[in-house]
file structure22.csv (CSV, N, CA and C atoms)
chain,number,residue,atom,x,y,z
A,1,MET,N,0.8,-1.2,0.0
A,1,MET,CA,0.0,0.0,0.0
A,1,MET,C,0.9,1.3,0.0
A,2,ASN,N,2.0,1.2,0.8
A,2,ASN,CA,2.9,2.3,0.8
A,2,ASN,C,3.5,2.6,-0.6
A,3,ARG,N,3.8,1.5,-1.2
A,3,ARG,CA,4.4,1.6,-2.6
A,3,ARG,C,3.4,2.3,-3.5
A,4,ARG,N,2.2,1.9,-3.4
A,4,ARG,CA,1.1,2.5,-4.3
A,4,ARG,C,1.0,4.0,-4.0
A,5,LYS,N,1.0,4.3,-2.7
A,5,LYS,CA,1.0,5.8,-2.3
A,5,LYS,C,2.1,6.5,-2.8
A,6,ASP,N,3.3,5.9,-2.8
A,6,ASP,CA,4.5,6.6,-3.3
A,6,ASP,C,4.4,6.8,-4.8
A,7,MET,N,3.8,5.8,-5.5
A,7,MET,CA,3.7,5.9,-6.9
A,7,MET,C,2.7,7.0,-7.3
A,8,VAL,N,1.6,7.1,-6.5
A,8,VAL,CA,0.6,8.1,-6.8
A,8,VAL,C,1.2,9.5,-6.5
A,9,ALA,N,2.0,9.6,-5.4
A,9,ALA,CA,2.6,10.9,-5.1
A,9,ALA,C,3.6,11.3,-6.2
A,10,ASN,N,4.4,10.3,-6.7
A,10,ASN,CA,5.3,10.5,-7.7
A,10,ASN,C,4.6,11.0,-9.0
A,11,LEU,N,3.5,10.4,-9.3
A,11,LEU,CA,2.7,10.8,-10.5
A,11,LEU,C,2.2,12.2,-10.3
A,12,ARG,N,1.7,12.5,-9.2
A,12,ARG,CA,1.2,13.9,-8.9
A,12,ARG,C,2.3,14.9,-9.1
A,13,SER,N,3.5,14.5,-8.6
A,13,SER,CA,4.6,15.4,-8.7
A,13,SER,C,4.9,15.7,-10.2
A,14,LYS,N,4.9,14.6,-11.0
A,14,LYS,CA,5.2,14.7,-12.4
A,14,LYS,C,4.1,15.6,-13.1
A,15,VAL,N,2.9,15.4,-12.7
A,15,VAL,CA,1.8,16.2,-13.3
A,15,VAL,C,2.0,17.7,-13.0
A,16,ASN,N,2.4,18.0,-11.7
A,16,ASN,CA,2.7,19.4,-11.4
A,16,ASN,C,3.9,20.0,-12.2
A,17,GLN,N,4.9,19.1,-12.4
A,17,GLN,CA,6.0,19.6,-13.2
A,17,GLN,C,5.6,19.9,-14.6
A,18,MET,N,4.8,19.0,-15.2
A,18,MET,CA,4.4,19.2,-16.5
A,18,MET,C,3.5,20.4,-16.7
A,19,ALA,N,2.6,20.6,-15.7
A,19,ALA,CA,1.7,21.8,-15.7
A,19,ALA,C,2.5,23.1,-15.6
A,20,SER,N,3.6,23.1,-14.8
A,20,SER,CA,4.3,24.3,-14.7
A,20,SER,C,5.2,24.5,-16.0
A,21,ALA,N,5.6,23.4,-16.7
A,21,ALA,CA,6.4,23.5,-17.9
A,21,ALA,C,5.5,24.1,-19.0
A,22,PHE,N,4.2,23.7,-19.0
A,22,PHE,CA,3.3,24.2,-20.0
A,22,PHE,C,2.4,25.3,-19.6
A,23,ASN,N,2.8,26.1,-18.7
A,23,ASN,CA,2.0,27.1,-18.1
A,23,ASN,C,1.5,28.0,-19.2
A,24,MET,N,0.2,28.1,-19.4
A,24,MET,CA,-0.4,28.9,-20.5
A,24,MET,C,-0.2,30.4,-20.3
A,25,SER,N,0.0,30.8,-19.1
A,25,SER,CA,0.2,32.3,-18.9
A,25,SER,C,1.4,32.8,-19.6
A,26,ASN,N,2.4,31.9,-19.9
A,26,ASN,CA,3.5,32.4,-20.7
A,26,ASN,C,3.1,32.7,-22.1
A,27,PHE,N,2.0,32.1,-22.6
A,27,PHE,CA,1.6,32.3,-24.0
A,27,PHE,C,0.5,33.4,-24.1
A,28,ALA,N,0.2,34.0,-23.1
A,28,ALA,CA,-0.9,34.9,-23.1
A,28,ALA,C,-0.5,36.2,-23.9
A,29,ASN,N,0.7,36.6,-23.9
A,29,ASN,CA,1.2,37.8,-24.5
A,29,ASN,C,1.6,37.5,-26.0
A,30,ARG,N,0.8,37.8,-26.9
A,30,ARG,CA,1.0,37.5,-28.3
A,30,ARG,C,2.3,38.2,-28.8
A,31,ASP,N,2.6,39.4,-28.4
A,31,ASP,CA,3.8,40.1,-28.8
A,31,ASP,C,5.1,39.3,-28.3
A,32,SER,N,5.0,38.7,-27.1
A,32,SER,CA,6.2,38.0,-26.7
A,32,SER,C,6.5,36.8,-27.5
A,33,LEU,N,5.4,36.2,-28.1
A,33,LEU,CA,5.6,35.0,-29.0
A,33,LEU,C,6.0,35.4,-30.4
A,34,LEU,N,5.3,36.3,-31.0
A,34,LEU,CA,5.4,36.6,-32.4
A,34,LEU,C,6.1,37.9,-32.7
A,35,GLY,N,6.4,38.7,-31.7
A,35,GLY,CA,7.0,40.0,-31.9
A,35,GLY,C,5.9,41.0,-32.1
A,36,PRO,N,6.3,42.3,-32.0
A,36,PRO,CA,5.2,43.3,-32.2
A,36,PRO,C,4.7,43.3,-33.6
A,37,GLU,N,3.4,43.6,-33.7
A,37,GLU,CA,2.7,43.5,-35.0
A,37,GLU,C,3.0,44.9,-35.7
A,38,SER,N,3.6,44.8,-36.8
A,38,SER,CA,4.0,46.0,-37.6
A,38,SER,C,3.5,45.8,-39.0
A,39,LYS,N,2.2,45.6,-39.2
A,39,LYS,CA,1.7,45.4,-40.6
A,39,LYS,C,1.4,46.8,-41.2
A,40,PRO,N,1.9,47.0,-42.4
A,40,PRO,CA,1.5,48.2,-43.1
A,40,PRO,C,0.0,48.0,-43.5
A,41,ASP,N,-0.7,49.1,-43.5
A,41,ASP,CA,-2.1,49.0,-43.9
A,41,ASP,C,-2.2,48.6,-45.4
A,42,ALA,N,-3.4,48.1,-45.8
A,42,ALA,CA,-3.6,47.5,-47.1
A,42,ALA,C,-3.4,48.6,-48.2
A,43,MET,N,-3.8,49.8,-47.9
A,43,MET,CA,-3.7,50.9,-49.0
A,43,MET,C,-2.3,51.2,-49.3
A,44,SER,N,-1.4,51.3,-48.2
A,44,SER,CA,0.0,51.7,-48.5
A,44,SER,C,0.7,50.6,-49.2
A,45,ARG,N,0.3,49.3,-49.0
A,45,ARG,CA,1.0,48.2,-49.7
A,45,ARG,C,0.6,48.1,-51.2
A,46,THR,N,-0.6,48.5,-51.5
A,46,THR,CA,-1.2,48.3,-52.8
A,46,THR,C,-1.1,49.6,-53.7
A,47,VAL,N,-0.6,50.7,-53.2
A,47,VAL,CA,-0.5,51.9,-54.0
A,47,VAL,C,0.5,51.6,-55.2
A,48,GLY,N,0.1,51.9,-56.4
A,48,GLY,CA,0.9,51.8,-57.6
A,48,GLY,C,1.0,50.4,-58.1
A,49,LEU,N,0.2,49.4,-57.6
A,49,LEU,CA,0.3,48.1,-58.2
A,49,LEU,C,-0.9,47.9,-59.1
A,50,ASP,N,-0.7,47.2,-60.2
A,50,ASP,CA,-1.7,46.9,-61.1
A,50,ASP,C,-2.4,45.6,-60.7
A,51,ASN,N,-3.4,45.1,-61.4
A,51,ASN,CA,-4.2,43.9,-61.0
A,51,ASN,C,-3.3,42.7,-60.9
A,52,SER,N,-2.5,42.5,-61.9
A,52,SER,CA,-1.6,41.3,-61.9
A,52,SER,C,-0.7,41.3,-60.8
A,53,SER,N,-0.2,42.4,-60.4
A,53,SER,CA,0.7,42.5,-59.2
A,53,SER,C,0.0,42.2,-57.9
A,54,LEU,N,-1.3,42.8,-57.9
A,54,LEU,CA,-2.1,42.5,-56.7
A,54,LEU,C,-2.4,41.0,-56.5
A,55,VAL,N,-2.7,40.4,-57.7
A,55,VAL,CA,-3.0,38.9,-57.7
A,55,VAL,C,-1.8,38.2,-57.2
A,56,ALA,N,-0.6,38.5,-57.8
A,56,ALA,CA,0.6,37.8,-57.4
A,56,ALA,C,0.9,38.0,-55.9
A,57,GLU,N,0.7,39.2,-55.4
A,57,GLU,CA,0.9,39.4,-54.0
A,57,GLU,C,-0.1,38.6,-53.1
A,58,GLN,N,-1.3,38.5,-53.6
A,58,GLN,CA,-2.3,37.8,-52.9
A,58,GLN,C,-2.0,36.3,-52.9
A,59,ASP,N,-1.4,35.8,-54.0
A,59,ASP,CA,-1.0,34.4,-54.2
A,59,ASP,C,0.1,34.1,-53.2
A,60,GLU,N,1.0,35.0,-53.1
A,60,GLU,CA,2.1,34.8,-52.1
A,60,GLU,C,1.6,34.7,-50.7
A,61,ASP,N,0.7,35.6,-50.3
A,61,ASP,CA,0.1,35.6,-49.0
A,61,ASP,C,-0.7,34.4,-48.7
A,62,LEU,N,-1.4,33.9,-49.8
A,62,LEU,CA,-2.2,32.7,-49.6
A,62,LEU,C,-1.3,31.4,-49.4
A,63,GLU,N,-0.1,31.4,-50.1
A,63,GLU,CA,0.8,30.3,-50.0
A,63,GLU,C,1.4,30.3,-48.5
A,64,LYS,N,1.7,31.5,-48.0
A,64,LYS,CA,2.2,31.6,-46.6
A,64,LYS,C,1.1,31.1,-45.6
A,65,LEU,N,-0.1,31.5,-45.9
A,65,LEU,CA,-1.2,31.1,-45.0
A,65,LEU,C,-1.4,29.6,-45.1
A,66,GLU,N,-1.3,29.0,-46.3
A,66,GLU,CA,-1.4,27.5,-46.4
A,66,GLU,C,-0.3,26.8,-45.7
A,67,GLU,N,0.9,27.3,-45.7
A,67,GLU,CA,2.0,26.7,-45.0
A,67,GLU,C,1.8,26.8,-43.5
A,68,THR,N,1.2,27.9,-43.0
A,68,THR,CA,0.9,28.0,-41.6
A,68,THR,C,-0.2,27.1,-41.2
A,69,ILE,N,-1.2,26.9,-42.0
A,69,ILE,CA,-2.3,26.0,-41.7
A,69,ILE,C,-1.9,24.6,-41.7
A,70,VAL,N,-1.0,24.2,-42.6
A,70,VAL,CA,-0.5,22.8,-42.7
A,70,VAL,C,0.3,22.6,-41.4
A,71,SER,N,1.2,23.5,-41.1
A,71,SER,CA,2.0,23.4,-39.9
A,71,SER,C,1.2,23.2,-38.6
A,72,THR,N,0.1,24.1,-38.5
A,72,THR,CA,-0.8,24.0,-37.4
A,72,THR,C,-1.5,22.7,-37.3
A,73,LYS,N,-1.9,22.2,-38.5
A,73,LYS,CA,-2.6,20.9,-38.6
A,73,LYS,C,-1.7,19.8,-38.0
A,74,HIS,N,-0.4,19.8,-38.4
A,74,HIS,CA,0.6,18.7,-38.0
A,74,HIS,C,0.8,18.8,-36.5
A,75,ILE,N,0.8,20.0,-35.9
A,75,ILE,CA,1.0,20.2,-34.5
A,75,ILE,C,-0.3,19.7,-33.8
A,76,ALA,N,-1.4,20.0,-34.3
A,76,ALA,CA,-2.7,19.6,-33.7
A,76,ALA,C,-2.8,18.0,-33.7
A,77,LEU,N,-2.3,17.4,-34.8
A,77,LEU,CA,-2.4,16.0,-34.9
A,77,LEU,C,-1.4,15.3,-33.9
A,78,ALA,N,-0.2,15.9,-33.7
A,78,ALA,CA,0.7,15.4,-32.7
A,78,ALA,C,0.2,15.6,-31.3
A,79,VAL,N,-0.4,16.7,-31.0
A,79,VAL,CA,-1.0,16.9,-29.7
A,79,VAL,C,-2.1,15.9,-29.5
A,80,ASN,N,-2.9,15.7,-30.5
A,80,ASN,CA,-4.0,14.7,-30.3
A,80,ASN,C,-3.5,13.3,-30.0
A,81,GLU,N,-2.4,12.9,-30.7
A,81,GLU,CA,-1.8,11.6,-30.5
A,81,GLU,C,-1.3,11.5,-29.0
A,82,GLU,N,-0.6,12.6,-28.6
A,82,GLU,CA,-0.1,12.6,-27.2
A,82,GLU,C,-1.2,12.5,-26.2
A,83,LEU,N,-2.3,13.2,-26.4
A,83,LEU,CA,-3.5,13.2,-25.5
A,83,LEU,C,-4.1,11.8,-25.5
A,84,ASP,N,-4.2,11.1,-26.7
A,84,ASP,CA,-4.7,9.8,-26.7
A,84,ASP,C,-3.8,8.8,-25.9
A,85,LEU,N,-2.5,9.0,-26.0
A,85,LEU,CA,-1.6,8.2,-25.2
A,85,LEU,C,-1.7,8.4,-23.8
A,86,GLN,N,-1.8,9.7,-23.4
A,86,GLN,CA,-1.9,10.0,-21.9
A,86,GLN,C,-3.2,9.5,-21.4
A,87,THR,N,-4.3,9.6,-22.2
A,87,THR,CA,-5.6,9.1,-21.7
A,87,THR,C,-5.5,7.6,-21.5
A,88,ARG,N,-4.9,6.8,-22.4
A,88,ARG,CA,-4.7,5.4,-22.2
A,88,ARG,C,-3.9,5.1,-21.0
A,89,LEU,N,-2.8,5.8,-20.8
A,89,LEU,CA,-2.0,5.6,-19.6
A,89,LEU,C,-2.8,5.9,-18.3
A,90,ILE,N,-3.6,6.9,-18.3
A,90,ILE,CA,-4.4,7.3,-17.1
A,90,ILE,C,-5.4,6.2,-16.9
A,91,ASP,N,-6.1,5.8,-17.9
A,91,ASP,CA,-7.1,4.7,-17.8
A,91,ASP,C,-6.4,3.4,-17.3
A,92,ASP,N,-5.3,3.1,-17.8
A,92,ASP,CA,-4.6,1.9,-17.3
A,92,ASP,C,-4.2,2.0,-15.8
A,93,LEU,N,-3.7,3.2,-15.4
A,93,LEU,CA,-3.4,3.5,-14.0
A,93,LEU,C,-4.6,3.4,-13.2
A,94,ASP,N,-5.7,4.0,-13.6
A,94,ASP,CA,-7.0,3.9,-12.9
A,94,ASP,C,-7.4,2.5,-12.7
A,95,GLN,N,-7.3,1.7,-13.7
A,95,GLN,CA,-7.7,0.3,-13.6
A,95,GLN,C,-6.8,-0.5,-12.6
A,96,HIS,N,-5.5,-0.2,-12.6
A,96,HIS,CA,-4.6,-0.8,-11.6
A,96,HIS,C,-4.9,-0.3,-10.2
A,97,VAL,N,-5.3,0.9,-10.0
A,97,VAL,CA,-5.6,1.4,-8.7
A,97,VAL,C,-6.9,0.8,-8.2
A,98,ASP,N,-7.9,0.6,-9.1
A,98,ASP,CA,-9.1,-0.1,-8.7
A,98,ASP,C,-8.9,-1.5,-8.3
A,99,ILE,N,-8.0,-2.2,-9.0
A,99,ILE,CA,-7.7,-3.6,-8.7
A,99,ILE,C,-7.0,-3.6,-7.3
A,100,SER,N,-6.1,-2.7,-7.1
A,100,SER,CA,-5.4,-2.7,-5.8
A,100,SER,C,-6.3,-2.4,-4.7
A,101,ASP,N,-7.2,-1.4,-5.0
A,101,ASP,CA,-8.2,-1.0,-3.9
A,101,ASP,C,-9.1,-2.2,-3.6
A,102,SER,N,-9.5,-3.0,-4.6
A,102,SER,CA,-10.4,-4.1,-4.3
A,102,SER,C,-9.6,-5.2,-3.5
A,103,ARG,N,-8.4,-5.4,-3.9
A,103,ARG,CA,-7.6,-6.4,-3.1
A,103,ARG,C,-7.4,-6.0,-1.7
A,104,LEU,N,-7.2,-4.7,-1.5
A,104,LEU,CA,-7.0,-4.2,-0.1
A,104,LEU,C,-8.3,-4.3,0.7
A,105,ARG,N,-9.4,-4.1,0.1
A,105,ARG,CA,-10.7,-4.3,0.8
A,105,ARG,C,-11.0,-5.7,1.2
A,106,VAL,N,-10.5,-6.6,0.3
A,106,VAL,CA,-10.7,-8.0,0.6
A,106,VAL,C,-9.9,-8.5,1.8
A,107,LYS,N,-8.7,-8.0,1.9
A,107,LYS,CA,-7.8,-8.4,3.0
A,107,LYS,C,-8.3,-7.9,4.3
call {"tool": "encode", "arguments": {"input": "structure22.csv", "output": "structure tokens"}}
result
Amino acid sequence: MNRRKDMVANLRSKVNQMASAFNMSNFANRDSLLGPESKPDAMSRTVGLDNSSLVAEQDEDLEKLEETIVSTKHIALAVNEELDLQTRLIDDLDQHVDISDSRLRVK
């Protein structure tokens, strides 16, 4: 029983460490992540451009957006896989705790 208590305490410690490592308050400030936003307004960027130049610029912007979306998708899929793994591990641990609990109640 003491070994189980130590294992649970160890797991709780690891959870706290992981929570502090992924503290979301560090990500709250967009400027600290991406740098200050210094976008020129649309009018100043398009002055003097003809239609084909505007279309070419829009195509470049769309390609950058596509790259960002694909990258975000890959990150989301990796996070999903990790969450699935962690869920299975927690379920397995829960099952083992239930088994140990029932054994302790029998004795």
call {"tool": "atom_distance", "arguments": {"input": "structure22.csv", "atom1": "atom CA of Ser44 of chain A", "atom2": "atom CA of Asp59 of chain A"}}
result
18.2 Å
call {"tool": "atom_distance", "arguments": {"input": "structure22.csv", "atom1": "atom N of Thr72 of chain A", "atom2": "atom C of Gln58 of chain A"}}
result
19.0 Å
call {"tool": "atom_distance", "arguments": {"input": "structure22.csv", "atom1": "atom CA of Met7 of chain A", "atom2": "atom CA of Ala78 of chain A"}}
result
27.7 Å
call {"tool": "closest_residue", "arguments": {"input": "structure22.csv", "among": "A:Arg4, A:Val79, A:Leu62, A:Ser53", "to": "Ser100 of chain A", "atoms": "only C-alpha atoms"}}
result
A:Arg4
